[in-house]
file work_28.csv (CSV, C-alpha atoms)
chain,number,residue,atom,x,y,z
A,131,LEU,CA,42.4,62.5,-12.2
A,132,THR,CA,40.8,59.1,-11.7
A,133,ARG,CA,41.6,55.8,-13.4
A,134,ALA,CA,38.3,55.8,-15.3
A,135,TYR,CA,38.7,59.4,-16.5
A,136,VAL,CA,42.2,58.7,-17.8
A,137,GLU,CA,41.7,55.3,-19.3
A,138,GLN,CA,38.3,56.0,-20.8
A,139,ASP,CA,37.7,59.7,-21.5
A,140,LEU,CA,41.3,60.6,-22.3
A,141,HIS,CA,41.9,57.3,-24.1
A,142,GLU,CA,39.1,58.1,-26.5
A,143,ILE,CA,40.7,61.4,-27.6
A,144,TYR,CA,44.4,60.7,-27.4
A,145,GLN,CA,46.1,58.9,-30.4
A,146,GLY,CA,48.2,56.5,-28.4
A,147,GLU,CA,48.4,54.3,-25.3
A,148,VAL,CA,47.0,55.9,-22.2
A,149,ARG,CA,47.2,54.3,-18.7
A,150,TYR,CA,46.8,55.5,-15.2
A,151,ALA,CA,49.2,54.9,-12.3
A,152,ARG,CA,47.9,55.4,-8.8
A,153,ASP,CA,51.4,56.1,-7.4
A,154,ALA,CA,55.0,56.0,-8.4
A,155,PHE,CA,55.3,52.3,-7.6
A,156,GLU,CA,52.4,51.4,-9.9
A,157,GLY,CA,54.1,53.6,-12.5
A,158,LEU,CA,57.2,51.5,-12.3
A,159,ARG,CA,55.2,48.3,-12.8
A,160,LEU,CA,53.5,49.9,-15.7
A,161,MET,CA,56.8,50.9,-17.3
A,162,ASP,CA,58.1,47.4,-16.8
A,163,ALA,CA,55.1,46.0,-18.6
A,164,LEU,CA,55.4,48.5,-21.4
A,165,MET,CA,59.1,47.7,-22.0
A,166,ALA,CA,58.4,44.0,-21.9
A,167,VAL,CA,55.8,44.5,-24.7
A,168,LYS,CA,58.2,46.6,-26.7
A,169,ARG,CA,60.9,43.9,-26.4
A,170,GLY,CA,58.5,41.2,-27.5
A,171,VAL,CA,58.6,39.2,-24.3
A,172,PRO,CA,56.2,36.3,-24.7
A,173,GLY,CA,52.9,36.8,-22.8
A,174,ALA,CA,53.7,40.5,-22.0
A,175,THR,CA,50.7,42.7,-22.0
A,176,LEU,CA,49.6,46.1,-20.7
A,177,PRO,CA,46.9,46.1,-18.0
A,178,GLU,CA,43.3,46.2,-19.2
A,179,LEU,CA,41.8,49.6,-19.5
A,180,LYS,CA,39.3,50.4,-16.8
A,181,GLN,CA,35.8,51.2,-18.0
A,182,ARG,CA,33.4,53.4,-16.1
A,183,ARG,CA,30.4,51.4,-14.8
A,184,VAL,CA,28.0,54.4,-14.9
A,185,ARG,CA,27.7,57.2,-17.4
A,186,SER,CA,30.0,60.1,-16.5
A,187,VAL,CA,28.1,63.1,-15.3
A,188,ALA,CA,31.1,65.3,-15.7
A,189,ALA,CA,31.5,64.3,-19.4
A,190,THR,CA,28.1,65.7,-20.3
A,191,ALA,CA,27.7,68.5,-17.8
A,192,VAL,CA,29.0,71.2,-20.0
A,193,LEU,CA,26.6,70.2,-22.8
A,194,GLU,CA,23.6,69.7,-20.6
A,195,GLU,CA,23.9,72.3,-18.0
A,196,ARG,CA,22.5,75.8,-18.5
A,197,PRO,CA,23.2,78.7,-16.2
A,198,GLU,CA,20.3,79.8,-14.0
A,199,VAL,CA,18.7,83.1,-14.8
A,200,GLY,CA,18.7,86.0,-12.4
A,201,GLN,CA,21.3,87.2,-10.0
A,202,VAL,CA,24.9,86.2,-11.1
A,203,ARG,CA,26.6,86.6,-7.8
A,204,SER,CA,26.1,83.8,-5.3
A,205,ASP,CA,24.6,84.2,-1.8
A,206,VAL,CA,28.0,84.6,-0.1
A,207,ALA,CA,27.9,87.2,2.6
A,208,VAL,CA,29.4,90.6,1.9
A,209,ASP,CA,29.3,92.0,5.4
A,210,ASN,CA,32.0,89.9,7.0
A,211,ALA,CA,34.9,91.8,8.7
A,212,VAL,CA,37.9,92.6,6.5
A,213,PRO,CA,41.2,91.9,8.3
A,214,ALA,CA,44.0,94.4,8.3
A,215,PRO,CA,47.2,92.8,7.0
A,216,PRO,CA,50.6,93.4,8.8
A,217,PHE,CA,52.0,95.0,5.6
A,218,TRP,CA,51.2,95.6,1.9
A,219,GLY,CA,53.2,94.1,-0.9
A,220,SER,CA,55.6,91.1,-0.5
A,221,ARG,CA,58.3,89.8,1.8
A,222,VAL,CA,60.9,87.1,1.5
A,223,VAL,CA,61.7,84.7,4.3
A,224,LYS,CA,64.7,82.3,3.9
A,225,GLY,CA,66.5,79.8,6.1
A,226,ILE,CA,63.3,78.1,7.5
A,227,GLN,CA,64.5,75.1,9.5
A,228,LEU,CA,63.0,71.7,9.0
A,229,LYS,CA,61.9,71.4,12.7
A,230,GLU,CA,59.6,74.4,12.1
A,231,TYR,CA,57.4,72.7,9.4
A,232,ALA,CA,58.2,69.0,9.8
A,233,SER,CA,55.2,68.6,12.2
A,234,TRP,CA,52.9,69.7,9.4
A,235,LEU,CA,53.9,66.6,7.3
A,236,ASP,CA,50.8,64.6,6.2
A,237,GLU,CA,52.1,61.1,7.0
A,238,GLY,CA,49.0,59.5,5.6
A,239,ALA,CA,49.6,61.1,2.2
A,240,LEU,CA,53.3,60.2,2.4
A,241,PHE,CA,53.0,56.6,3.5
A,242,LYS,CA,49.9,55.6,1.5
A,243,GLY,CA,49.8,58.0,-1.4
A,244,GLN,CA,53.5,58.6,-2.2
A,245,TRP,CA,55.2,55.4,-0.8
A,246,GLY,CA,52.3,53.0,-1.5
A,247,LEU,CA,52.4,51.4,2.0
A,248,LYS,CA,49.5,49.8,3.8
A,249,GLY,CA,48.7,48.4,7.2
A,250,GLU,CA,51.5,47.0,9.3
A,251,THR,CA,54.1,48.0,6.7
A,252,ILE,CA,53.6,51.6,7.6
A,253,GLU,CA,54.9,51.0,11.2
A,254,ARG,CA,57.4,48.3,10.3
A,255,GLU,CA,59.0,50.0,7.3
A,256,GLY,CA,57.5,53.4,6.8
A,257,ARG,CA,58.3,55.2,10.0
A,258,PRO,CA,61.9,53.9,10.3
A,259,ARG,CA,62.5,54.9,6.7
A,260,LEU,CA,61.0,58.4,7.3
A,261,ARG,CA,63.2,58.9,10.4
A,262,MET,CA,66.2,57.9,8.3
A,263,TRP,CA,65.4,60.3,5.5
A,264,LEU,CA,64.7,63.2,7.8
A,265,ASP,CA,68.0,62.7,9.5
A,266,ARG,CA,69.8,62.5,6.2
A,267,LEU,CA,68.1,65.7,5.0
A,268,ARG,CA,69.4,67.5,8.1
A,269,THR,CA,72.9,66.1,8.1
A,270,GLU,CA,73.4,66.6,4.3
A,271,ASN,CA,71.8,70.0,4.3
A,272,LEU,CA,69.5,69.1,1.4
A,273,LEU,CA,66.7,71.5,2.2
A,274,GLU,CA,66.6,75.2,1.4
A,275,ALA,CA,63.1,76.1,2.6
A,276,ALA,CA,62.1,79.6,1.7
A,277,VAL,CA,58.9,81.6,1.3
A,278,VAL,CA,57.7,84.8,-0.5
A,279,HIS,CA,54.3,86.0,0.5
A,280,GLY,CA,52.3,89.1,0.4
A,281,TYR,CA,49.0,91.0,0.9
A,282,TYR,CA,47.2,93.1,-1.7
A,283,PRO,CA,44.2,95.3,-1.7
A,284,CYS,CA,41.4,94.1,-3.9
A,285,VAL,CA,37.8,94.2,-5.0
A,286,SER,CA,35.6,91.8,-7.0
A,287,LYS,CA,33.5,92.5,-10.1
A,288,GLY,CA,31.4,89.6,-11.4
A,289,ASP,CA,33.7,86.7,-11.8
A,290,ASP,CA,36.8,88.8,-11.5
A,291,LEU,CA,39.1,89.5,-8.6
A,292,ILE,CA,40.8,92.8,-9.2
A,293,LEU,CA,44.1,93.6,-7.3
A,294,LEU,CA,44.8,97.3,-6.8
A,295,ASP,CA,47.9,99.4,-6.4
A,296,GLU,CA,48.5,101.9,-3.7
A,297,HIS,CA,46.4,104.5,-5.5
A,298,GLY,CA,43.4,102.2,-5.9
A,299,ASN,CA,44.0,101.6,-9.6
A,300,GLU,CA,43.8,98.1,-11.1
A,301,ARG,CA,47.1,96.3,-10.9
A,302,THR,CA,46.0,92.9,-12.3
A,303,ARG,CA,43.0,90.7,-12.3
A,304,PHE,CA,42.1,87.1,-12.0
A,305,THR,CA,39.0,85.6,-13.7
A,306,PHE,CA,37.6,82.5,-12.0
A,307,PRO,CA,35.0,80.0,-13.1
A,308,ARG,CA,31.5,80.0,-11.6
A,309,GLN,CA,29.4,77.0,-10.7
A,310,GLY,CA,26.6,76.6,-13.2
A,311,ARG,CA,24.0,75.6,-10.6
A,312,GLY,CA,23.5,75.3,-6.9
A,313,ARG,CA,25.0,78.2,-5.0
A,314,ARG,CA,26.8,79.3,-8.2
A,315,LEU,CA,30.0,79.9,-6.2
A,316,CYS,CA,33.0,81.7,-7.6
A,317,LEU,CA,36.2,82.7,-5.8
A,318,ALA,CA,35.6,86.3,-6.6
A,319,ASP,CA,32.4,86.2,-4.5
A,320,PHE,CA,34.5,85.9,-1.3
A,321,PHE,CA,35.8,89.5,-1.7
A,322,ARG,CA,34.0,92.8,-1.4
A,323,PRO,CA,32.2,93.8,-4.7
A,324,GLU,CA,33.5,96.9,-6.4
A,325,GLU,CA,30.2,98.7,-6.1
A,326,SER,CA,30.3,98.4,-2.3
A,327,GLY,CA,33.0,101.1,-2.2
A,328,GLU,CA,35.0,99.0,0.3
A,329,THR,CA,38.4,97.5,-0.3
A,330,ASP,CA,39.2,93.9,0.6
A,331,VAL,CA,42.5,92.0,1.1
A,332,VAL,CA,43.9,88.8,-0.6
A,333,GLY,CA,47.0,86.8,0.5
A,334,LEU,CA,49.4,85.2,-2.0
A,335,GLN,CA,52.3,82.8,-1.2
A,336,VAL,CA,55.0,80.8,-3.0
A,337,VAL,CA,57.0,78.3,-1.0
A,338,THR,CA,59.8,76.0,-1.9
A,339,VAL,CA,62.1,73.4,-0.2
A,340,GLY,CA,64.8,74.3,-2.8
A,341,SER,CA,66.6,72.5,-5.6
A,342,ARG,CA,69.2,70.4,-3.7
A,343,ILE,CA,66.7,67.7,-2.8
A,344,GLY,CA,65.6,67.5,-6.4
A,345,GLU,CA,69.2,67.1,-7.5
A,346,GLU,CA,69.7,64.3,-5.0
A,347,THR,CA,66.7,62.5,-6.2
A,348,ALA,CA,68.0,62.8,-9.8
A,349,LYS,CA,71.3,61.2,-8.7
A,350,LEU,CA,69.4,58.3,-7.1
A,351,PHE,CA,67.5,57.7,-10.3
A,352,GLU,CA,70.6,57.8,-12.4
A,353,ALA,CA,72.2,55.2,-10.0
A,354,ASP,CA,69.1,52.9,-10.5
A,355,ALA,CA,68.4,53.2,-6.8
A,356,TYR,CA,64.7,53.3,-7.5
A,357,ARG,CA,63.3,52.7,-4.0
A,358,ASP,CA,65.4,55.5,-2.5
A,359,TYR,CA,64.5,57.7,-5.5
A,360,LEU,CA,60.7,57.1,-5.1
A,361,GLU,CA,60.9,57.6,-1.3
A,362,LEU,CA,62.9,60.8,-1.4
A,363,HIS,CA,60.9,62.2,-4.3
A,364,GLY,CA,57.6,61.5,-2.5
A,365,LEU,CA,59.0,62.9,0.8
A,366,SER,CA,60.2,66.1,-1.0
A,367,VAL,CA,56.7,66.7,-2.5
A,368,GLN,CA,55.1,66.2,0.9
A,369,LEU,CA,57.6,68.4,2.7
A,370,ALA,CA,56.8,71.2,0.2
A,371,GLU,CA,53.2,70.8,1.1
A,372,ALA,CA,54.0,70.8,4.8
A,373,LEU,CA,55.9,74.0,4.4
A,374,ALA,CA,52.9,75.5,2.5
A,375,GLU,CA,50.6,74.4,5.4
A,376,TYR,CA,52.9,75.8,8.0
A,377,TRP,CA,53.2,79.2,6.2
A,378,HIS,CA,49.4,79.2,5.5
A,379,ALA,CA,48.9,79.0,9.3
A,380,ARG,CA,51.2,82.0,9.7
A,381,VAL,CA,49.2,84.0,7.2
A,382,ARG,CA,46.0,83.3,9.0
A,383,ALA,CA,47.7,84.4,12.2
A,384,GLU,CA,48.9,87.6,10.6
A,385,LEU,CA,45.4,88.3,9.4
A,386,GLY,CA,44.0,87.7,12.9
A,387,ILE,CA,41.7,84.8,11.8
A,388,ALA,CA,43.5,81.9,13.4
A,389,ASP,CA,41.6,81.8,16.7
A,390,GLY,CA,39.3,79.1,15.4
A,391,ASP,CA,42.1,76.8,14.2
A,392,PRO,CA,41.6,73.2,15.3
A,393,ASP,CA,44.0,71.7,17.8
A,394,SER,CA,44.7,68.5,15.8
A,395,LEU,CA,46.7,68.2,12.6
A,396,SER,CA,43.9,66.0,11.1
A,397,GLY,CA,41.5,68.9,11.7
A,398,MET,CA,43.8,71.2,9.8
A,399,PHE,CA,43.9,68.7,6.8
A,400,ARG,CA,40.1,68.7,6.9
A,401,THR,CA,40.2,72.6,6.6
A,402,GLU,CA,38.4,73.1,9.9
A,403,TYR,CA,39.5,76.7,10.0
A,404,GLN,CA,38.8,80.1,8.4
A,405,GLY,CA,41.0,81.2,5.5
A,406,CYS,CA,41.2,78.6,2.8
A,407,ARG,CA,44.3,78.2,0.6
A,408,TYR,CA,43.6,77.7,-3.1
A,409,SER,CA,46.3,76.3,-5.3
A,410,LEU,CA,46.2,77.0,-9.0
A,411,GLY,CA,45.2,74.1,-11.2
A,412,TYR,CA,42.4,73.0,-8.9
A,413,PRO,CA,38.7,73.3,-9.7
A,414,ALA,CA,38.0,76.7,-8.1
A,415,CYS,CA,41.0,78.3,-9.9
A,416,PRO,CA,42.0,75.9,-12.8
A,417,ASP,CA,43.9,78.4,-15.0
A,418,LEU,CA,47.6,77.7,-14.6
A,419,GLU,CA,48.4,80.9,-16.7
A,420,ASP,CA,47.4,82.9,-13.6
A,421,ARG,CA,50.7,81.7,-12.1
A,422,ALA,CA,52.3,84.4,-14.2
A,423,LYS,CA,50.3,87.1,-12.4
A,424,ILE,CA,51.3,85.7,-9.0
A,425,ALA,CA,54.9,85.6,-10.2
A,426,ASP,CA,54.8,89.2,-11.3
A,427,LEU,CA,53.5,90.3,-7.9
A,428,LEU,CA,55.7,88.1,-5.6
A,429,ARG,CA,58.8,87.8,-7.8
A,430,PRO,CA,59.6,84.2,-6.5
A,431,GLU,CA,62.9,84.2,-8.3
A,432,ARG,CA,64.1,85.8,-5.1
A,433,ILE,CA,63.8,82.4,-3.5
A,434,GLY,CA,65.0,80.5,-6.5
A,435,VAL,CA,61.6,79.6,-7.9
A,436,HIS,CA,61.0,80.1,-11.6
A,437,LEU,CA,58.0,79.7,-13.9
A,438,SER,CA,58.4,77.6,-17.1
A,439,GLU,CA,56.8,78.3,-20.4
A,440,GLU,CA,54.2,75.6,-19.5
A,441,PHE,CA,53.5,77.6,-16.2
A,442,GLN,CA,55.0,74.9,-14.0
A,443,LEU,CA,57.0,75.9,-10.9
A,444,HIS,CA,60.7,75.0,-10.8
A,445,PRO,CA,62.1,73.5,-8.6
A,446,GLU,CA,59.2,70.9,-8.7
A,447,GLN,CA,59.1,70.9,-4.9
A,448,SER,CA,57.4,74.3,-4.8
A,449,THR,CA,53.8,75.5,-4.5
A,450,ASP,CA,51.9,78.7,-4.9
A,451,ALA,CA,48.5,79.7,-3.5
A,452,ILE,CA,45.8,82.3,-3.0
A,453,VAL,CA,44.7,82.7,0.6
A,454,VAL,CA,41.1,83.8,1.0
A,455,HIS,CA,40.1,85.1,4.5
A,456,HIS,CA,36.3,85.0,4.1
A,457,PRO,CA,34.7,82.7,6.7
A,458,GLU,CA,32.5,81.0,4.1
A,459,ALA,CA,35.4,80.2,1.8
A,460,SER,CA,35.6,76.4,1.2
A,461,TYR,CA,36.7,74.1,-1.6
A,462,PHE,CA,34.3,73.5,-4.4
A,463,ASN,CA,34.1,72.4,-8.0
A,464,ALA,CA,33.2,75.0,-10.6
A,465,GLY,CA,31.7,74.3,-14.0
A,466,GLY,CA,32.1,76.3,-17.1
A,467,ARG,CA,31.7,80.1,-16.9
A,468,ALA,CA,28.2,81.4,-16.9

call {"tool": "encode", "arguments": {"input": "work_28.csv", "output": "structure tokens"}}
result
Amino acid sequence: LTRAYVEQDLHEIYQGEVRYARDAFEGLRLMDALMAVKRGVPGATLPELKQRRVRSVAATAVLEERPEVGQVRSDVAVDNAVPAPPFWGSRVVKGIQLKEYASWLDEGALFKGQWGLKGETIEREGRPRLRMWLDRLRTENLLEAAVVHGYYPCVSKGDDLILLDEHGNERTRFTFPRQGRGRRLCLADFFRPEESGETDVVGLQVVTVGSRIGEETAKLFEADAYRDYLELHGLSVQLAEALAEYWHARVRAELGIADGDPDSLSGMFRTEYQGCRYSLGYPACPDLEDRAKIADLLRPERIGVHLSEEFQLHPEQSTDAIVVHHPEASYFNAGGRA
């Protein structure tokens, strides 16, 4: 989501006011303005809608783009080594301590993205507040970090990734979008094609930091402690992501592909490693309904995570992902299906 996309493209099709908030702090300012308008405060207005300066390529891509003729599958290699997983099926891990994954916290995303801090305020206010919150999370036992992850045999067929049971029969399948031009990448291409006669492996994971921290943020909101609410909520989201990064590294280690992992955390955040982690809802795998398939396989209710009718994970501070071991796997945008 970008401001121009929300305030121009979505505004044109939604019957009502649409505004974009970069972070929770801007969201609060926006709500203050909205309430002032509703109350008839003299001079109160909503911020101006942001107009795009250039014509949106994305807005016309589906209409203008035509799939290339010829070979459907991309040029992704099919002769890479297939790792042997430590087990088949799923396993649950509970009681993960904060000290195990706190070092994976993306402080830039927390301070700038979640808390809206800049420059000197990060050192002056951000870090002391972060230390305070981490101490409080430990002393009040507000975290219930847990993971369910697994490995499943699979093959690909066209745009489909087919997961197999122990007898080699289809268990479930995911259909992913393919780029309409360029390399014509599709997530399915990173796995052995069915016609090769070989079987590949895919990793799945669901992680959560539990419901207690969400309950605490709700109490802060009800008490009108908005700064504390925004800080704790933002931290809870980033801690869930830190746990996902931490467990993703473990999955790569279990698959034997972690030798090339970078030494620095910044290198990790730049995905300078083999074995990308794809979260549902993002361009390469945008269909949130696929979460139901992951839930059927991993049964995340064993760690207190449930899927809503809208295919959202609850507690909110939870993430799911597909881990792809192929050395060419990277993040990419996919257009409509060819």

call {"tool": "residues_around", "arguments": {"input": "work_28.csv", "residues": "Lys287 of chain A", "least_positions_apart": "4", "cutoff": "10 Å", "atoms": "all atoms listed in the file", "output": "MDAnalysis selection string"}}
result
chainID A and resid 203 291:292 303 305 318:319 321:325

call {"tool": "residues_near_point", "arguments": {"input": "work_28.csv", "point": "(52.9, 46.2, -25.3)", "cutoff": "9 Å", "atoms": "only C-alpha atoms", "output": "number ranges by chain"}}
result
A: 163-170, 174-176

call {"tool": "atom_distance", "arguments": {"input": "work_28.csv", "atom1": "atom CA of Gln447 of chain A", "atom2": "atom CA of Pro215 of chain A"}}
result
27.6 Å

call {"tool": "residues_around", "arguments": {"input": "work_28.csv", "residues": "Glu346 of chain A", "least_positions_apart": "3", "cutoff": "12 Å", "atoms": "all atoms listed in the file", "output": "list in words"}}
result
Arg266, Leu267, Glu270, Asn271, Leu272, Leu273, Gly340, Ser341, Arg342, Ile343, Lys349, Leu350, Phe351, Glu352, Ala353, Ala355, Asp358, Tyr359, Leu360, Glu361, Leu362, His363 and Ser366 of chain A

call {"tool": "atom_distance", "arguments": {"input": "work_28.csv", "atom1": "atom CA of Glu458 of chain A", "atom2": "atom CA of Ala422 of chain A"}}
result
27.2 Å

call {"tool": "atom_distance", "arguments": {"input": "work_28.csv", "atom1": "atom CA of His444 of chain A", "atom2": "atom CA of Asp426 of chain A"}}
result
15.4 Å

call {"tool": "closest_residue", "arguments": {"input": "work_28.csv", "among": "A:Arg259, A:Arg380, A:Lys242, A:Arg254", "to": "Gly280 of chain A", "atoms": "all atoms listed in the file"}}
result
A:Arg380

call {"tool": "closest_residue", "arguments": {"input": "work_28.csv", "among": "A:Arg149, A:Pro258, A:Met398, A:Glu178", "to": "Tyr135 of chain A", "atoms": "all atoms listed in the file"}}
result
A:Arg149

call {"tool": "closest_residue", "arguments": {"input": "work_28.csv", "among": "A:Asp205, A:Glu371, A:Glu230, A:Glu255", "to": "Cys316 of chain A", "atoms": "only C-alpha atoms"}}
result
A:Asp205

call {"tool": "closest_residue", "arguments": {"input": "work_28.csv", "among": "A:Ala154, A:Ala275, A:Leu160, A:Val223", "to": "Gly246 of chain A", "atoms": "only C-alpha atoms"}}
result
A:Ala154

call {"tool": "closest_residue", "arguments": {"input": "work_28.csv", "among": "A:Arg421, A:Asp391, A:Asp330, A:Ser396", "to": "Asn210 of chain A", "atoms": "all atoms listed in the file"}}
result
A:Asp330

call {"tool": "closest_residue", "arguments": {"input": "work_28.csv", "among": "A:Arg311, A:Arg400, A:Lys224, A:Arg429", "to": "Asp236 of chain A", "atoms": "all atoms listed in the file"}}
result
A:Arg400

call {"tool": "residues_near_point", "arguments": {"input": "work_28.csv", "point": "(36.6, 75.4, -0.8)", "cutoff": "8 Å", "atoms": "only C-alpha atoms", "output": "PyMOL selection string"}}
result
chain A and resi 406+408+414+459-462

call {"tool": "residues_around", "arguments": {"input": "work_28.csv", "residues": "Tyr281 of chain A", "least_positions_apart": "2", "cutoff": "10 Å", "atoms": "only C-alpha atoms", "output": "MDAnalysis selection string"}}
result
chainID A and resid 214:221 279 283:284 293 331:335 381 385 427:428 453

call {"tool": "residues_around", "arguments": {"input": "work_28.csv", "residues": "Glu375 of chain A", "least_positions_apart": "3", "cutoff": "12 Å", "atoms": "only C-alpha atoms", "output": "PyMOL selection string"}}
result
chain A and resi 230-236+277+335-338+368-372+378-382+395+398-399+401+405-409+449-451+453

call {"tool": "write_last_selection", "arguments": {"input": "work_28.csv", "atoms": "C-alpha atoms", "output": "mmCIF file, keeping the file's coordinate frame"}}
result
data_model
loop_
_atom_site.group_PDB
_atom_site.id
_atom_site.type_symbol
_atom_site.label_atom_id
_atom_site.label_comp_id
_atom_site.auth_asym_id
_atom_site.auth_seq_id
_atom_site.Cartn_x
_atom_site.Cartn_y
_atom_site.Cartn_z
ATOM 1 C CA GLU A 230 59.600 74.400 12.100
ATOM 2 C CA TYR A 231 57.400 72.700 9.400
ATOM 3 C CA ALA A 232 58.200 69.000 9.800
ATOM 4 C CA SER A 233 55.200 68.600 12.200
ATOM 5 C CA TRP A 234 52.900 69.700 9.400
ATOM 6 C CA LEU A 235 53.900 66.600 7.300
ATOM 7 C CA ASP A 236 50.800 64.600 6.200
ATOM 8 C CA VAL A 277 58.900 81.600 1.300
ATOM 9 C CA GLN A 335 52.300 82.800 -1.200
ATOM 10 C CA VAL A 336 55.000 80.800 -3.000
ATOM 11 C CA VAL A 337 57.000 78.300 -1.000
ATOM 12 C CA THR A 338 59.800 76.000 -1.900
ATOM 13 C CA GLN A 368 55.100 66.200 0.900
ATOM 14 C CA LEU A 369 57.600 68.400 2.700
ATOM 15 C CA ALA A 370 56.800 71.200 0.200
ATOM 16 C CA GLU A 371 53.200 70.800 1.100
ATOM 17 C CA ALA A 372 54.000 70.800 4.800
ATOM 18 C CA HIS A 378 49.400 79.200 5.500
ATOM 19 C CA ALA A 379 48.900 79.000 9.300
ATOM 20 C CA ARG A 380 51.200 82.000 9.700
ATOM 21 C CA VAL A 381 49.200 84.000 7.200
ATOM 22 C CA ARG A 382 46.000 83.300 9.000
ATOM 23 C CA LEU A 395 46.700 68.200 12.600
ATOM 24 C CA MET A 398 43.800 71.200 9.800
ATOM 25 C CA PHE A 399 43.900 68.700 6.800
ATOM 26 C CA THR A 401 40.200 72.600 6.600
ATOM 27 C CA GLY A 405 41.000 81.200 5.500
ATOM 28 C CA CYS A 406 41.200 78.600 2.800
ATOM 29 C CA ARG A 407 44.300 78.200 0.600
ATOM 30 C CA TYR A 408 43.600 77.700 -3.100
ATOM 31 C CA SER A 409 46.300 76.300 -5.300
ATOM 32 C CA THR A 449 53.800 75.500 -4.500
ATOM 33 C CA ASP A 450 51.900 78.700 -4.900
ATOM 34 C CA ALA A 451 48.500 79.700 -3.500
ATOM 35 C CA VAL A 453 44.700 82.700 0.600
#

call {"tool": "residues_around", "arguments": {"input": "work_28.csv", "residues": "Ser326 of chain A", "least_positions_apart": "4", "cutoff": "10 Å", "atoms": "all atoms listed in the file", "output": "PyMOL selection string"}}
result
chain A and resi 208+285-286+322
